[in-house]
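Accompanying notes for the structure given below.
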Amino acid sequence: MSASFLGYERPDGQAGVRNWVGVISVMDNVNPIARAICGGVYSTIPITTLFVRGQYGRDLKITYDTLGGMGRNPNLAAVLVVGLEEISAEQVASRIRNCGKPVEVLLAQNASGSIAATAEGIRKATNLAATASRARRRMLPASMLTVGVECGGSDTTSGLAANPCIGRVADRIVNEGGRVVISETSEFLGAEHLFAERAVNATVRQAFLERIHQMEQEALTRGVDIRGTNPVPDNIRGGLTTIEEKSLGATAKAGTTPLVGVLDYGEPPVQPGMHFMATPAPAVESMTGLAAGGCQLILFATGVGNMIGNMVAPTIKVTANINTARQQADNIDVDVTAVLEHDRKIDDAGDELFETTLDVASGTMTRSEILDMRETAISRFEPTI
């Protein structure tokens with residue numbers, strides 16, 4: 001029997017696992033207004049950014065595309081775009097309207113100060129939230145899920161148990177007809193040739209290897225030795241000694257199905273199956289790209305501990321480290337330590353994680369949601385002018 005979850009159908013045919021109103025700040029100087037609006041309206045979430053003003057070229061396009069992608073994420077029933085002025089605000093709003101959800105715009109410069117802007121934003125967000133609340137969950141097939149797979153604070157238990165359990169979920173999602181996206185480009189170094197063998201054809205294989213080599217070249221151009229930055233100190237403390245060792249464990253999150261697509265940062269997958277997205281390794285930056293690419297959920301393995309979740313995509317924290325499971329229980333959603341401590345089979349633990357994933361898709365809250373341990377960070381490559 002096909003797996004299913006209780007979700008929200010969206011006008012563009014996608015399915016939301018949450019029914020939030022997103023309040024998107026177009027640039028850093030209106031972040032406080034966006035947060036104040038969310039503080040006054042239930043069921044809203046702030047989506048902020050640290051730059052835009054003074055950005056140019058590739059960086060500016062990535063920021064606009066990413067903010068627009070998060071606005072299109074089906075977990076948002078509606079969006080309020082908060083901008084300083086019309087041109088930049090419209091750059092983001094126009095990227096969201098084509099998916100059919102309600103989009104309102106608030107321009108801070110047109111209001112009589114921040115208090116008036118916040119009040120106007122609260123009114124707009126209230127109306128959007130009232131309309132969104134009329135939506136009802138209904139039974140939908142798991143084939144409508146797009147799930148991101150991530151890891152952070154990795155250690156030896158990550159590659160041995162937590163990541164393989166997530167890989168089991170990835171296989172099941174793909175076998176149900178859904179989409180899975182694995183990211184973190186630098187965490188394929190040393191294992192990229194093995195992962196490339198899973199590509200469905202030469203074009204996909206070449207596209208994947210190009211993203212890996214491009215990242216290596218960018219680091220070398222800037223005089224950065226990746227071996228000094230990955231594994232990071234907490235990885236080394238957790239028993240990972242080389243980048244190859246870390247990569248072999250990290251790729252286990254992708255399960256065993258063929259690689260069908262290669263995506264740039266924040267790009268949505270267009271076909272079912274396993275996809276690779278080229279993102280930086282830091283979790284917040286990487287998960288922001290996954291959410292902008294339409295992932296409704298993220299499965300996040302952590303060894304020595306990484307508590308952060310994504311603002312738009314509920315993030316399920318998984319650990320196989322018994323010390324982390326005990327000491328950081330407040331932040332862990334799924335404990336798979338029995339794989340290493342009691343010889344539990346990875347498939348059995350992975351199947352239980354799959355059921356938890358469907359539960360979260362149906363409305364069960366994650367720890368990072370409950371504790372509001374959520375953040376957004378968009379990749380950038382050039383200085384601000």
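Chain labels run A, B, ... following the order of the structure tokens; each chain numbers its residues from 1, and ligands are numbered from 1 in the order shown.
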
- Identify all residues of stretch 140-172 of chain A in alpha helix (DSSP H) (DSSP on the backbone) and supply them as a ChimeraX atom specification. /A:156-157,163-172

- Residues near A:Asn321, cut-off 8 Å, only C-alpha atoms, skip fewer than 2 positions along chain, as number ranges by chain: A: 157-158, 303-304, 319, 323-325, 337

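If you measure from each of A:Gly223, A:Gly255, A:Val262, A:Arg237 to A:Asn201 using only C-alpha atoms, the closest one turns out to be A:Val262.
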
- Task: Enumerate as an MDAnalysis selection string all residues of stretch 34-185 of chain A assigned to strand (DSSP E or B) by DSSP on the backbone, naming them with the chain letters and numbers the document uses.
- Result: chainID A and resid 44:47 76:83 103:107 138:141 146:152 179:182

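Non-sequential neighbours of A:Thr118 (distance at most 10 Å, separation of 4 or more positions within a chain, only C-alpha atoms) are Pro32, Ile33, Ala34, Arg35, Ala36, Ile37, Cys38, Gly40, Val82, Leu106, Ala108, Ala111, Gly113, Ser114, Ile122, Arg123 and Lys124 of chain A.
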
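Near A:Ala170, within a cut-off of 8 Å and counting only C-alpha atoms, sit the residues Val147, Ile166, Gly167, Ile173, Val174, Val180, Lys253, Ala254, Gly255 and Met274 of chain A, with same-chain residues fewer than 3 positions away left out.
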
Atoms kept (C-alpha atoms) for selection, written as an mmCIF file, in the first residue's frame:
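The resulting file, selection.cif, is shown below:
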```
data_model
loop_
_atom_site.group_PDB
_atom_site.id
_atom_site.type_symbol
_atom_site.label_atom_id
_atom_site.label_comp_id
_atom_site.auth_asym_id
_atom_site.auth_seq_id
_atom_site.Cartn_x
_atom_site.Cartn_y
_atom_site.Cartn_z
ATOM 1 C CA VAL A 147 12.749 15.939 1.369
ATOM 2 C CA ILE A 166 18.303 8.690 6.690
ATOM 3 C CA GLY A 167 19.453 6.942 3.516
ATOM 4 C CA ILE A 173 10.630 8.384 -0.469
ATOM 5 C CA VAL A 174 12.091 7.854 -3.953
ATOM 6 C CA VAL A 180 15.036 13.700 -2.226
ATOM 7 C CA LYS A 253 22.230 10.022 3.528
ATOM 8 C CA ALA A 254 21.449 9.620 -0.164
ATOM 9 C CA GLY A 255 20.536 5.955 0.149
ATOM 10 C CA MET A 274 17.423 11.530 -5.897
#
```

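Residues lying within 12 Å of A:Met1, counting only C-alpha atoms and ignoring same-chain neighbours fewer than 6 positions away, are Pro141, Ala142 and Glu176 of chain A.
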
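The nearest approach to A:Ile308 among the residues A:Ala278, A:Ala219, A:Val284, A:Ala291, with only C-alpha atoms taken into account, belongs to A:Val284.
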
- Message: I'd like the neighbourhood of A:Val270 as a VMD selection string, where a residue qualifies if any of its atoms comes within 9 Å (using only C-alpha atoms), though same-chain residues fewer than 2 positions away should be ignored.
- Response: chain A and resid 179 261 268 272

- Item | Distance criterion (only C-alpha atoms): nearest to A:Gln109 out of A:Leu67, A:Ile47, A:Leu128, A:Val30 | A:Val30

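Using only C-alpha atoms, the shortest contact distance between A:Thr63 and any of A:Ala377, A:Leu107, A:Ala313, A:Val200 is found at A:Ala377.
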
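Near A:Gly293, within 8 Å and counting only C-alpha atoms, sit A:Gly69, A:Met70, A:Asn73, A:Tyr265, A:Gly266, A:Glu267, A:Pro268, A:Pro269, A:Gly289; same-chain residues fewer than 4 positions away were not included.
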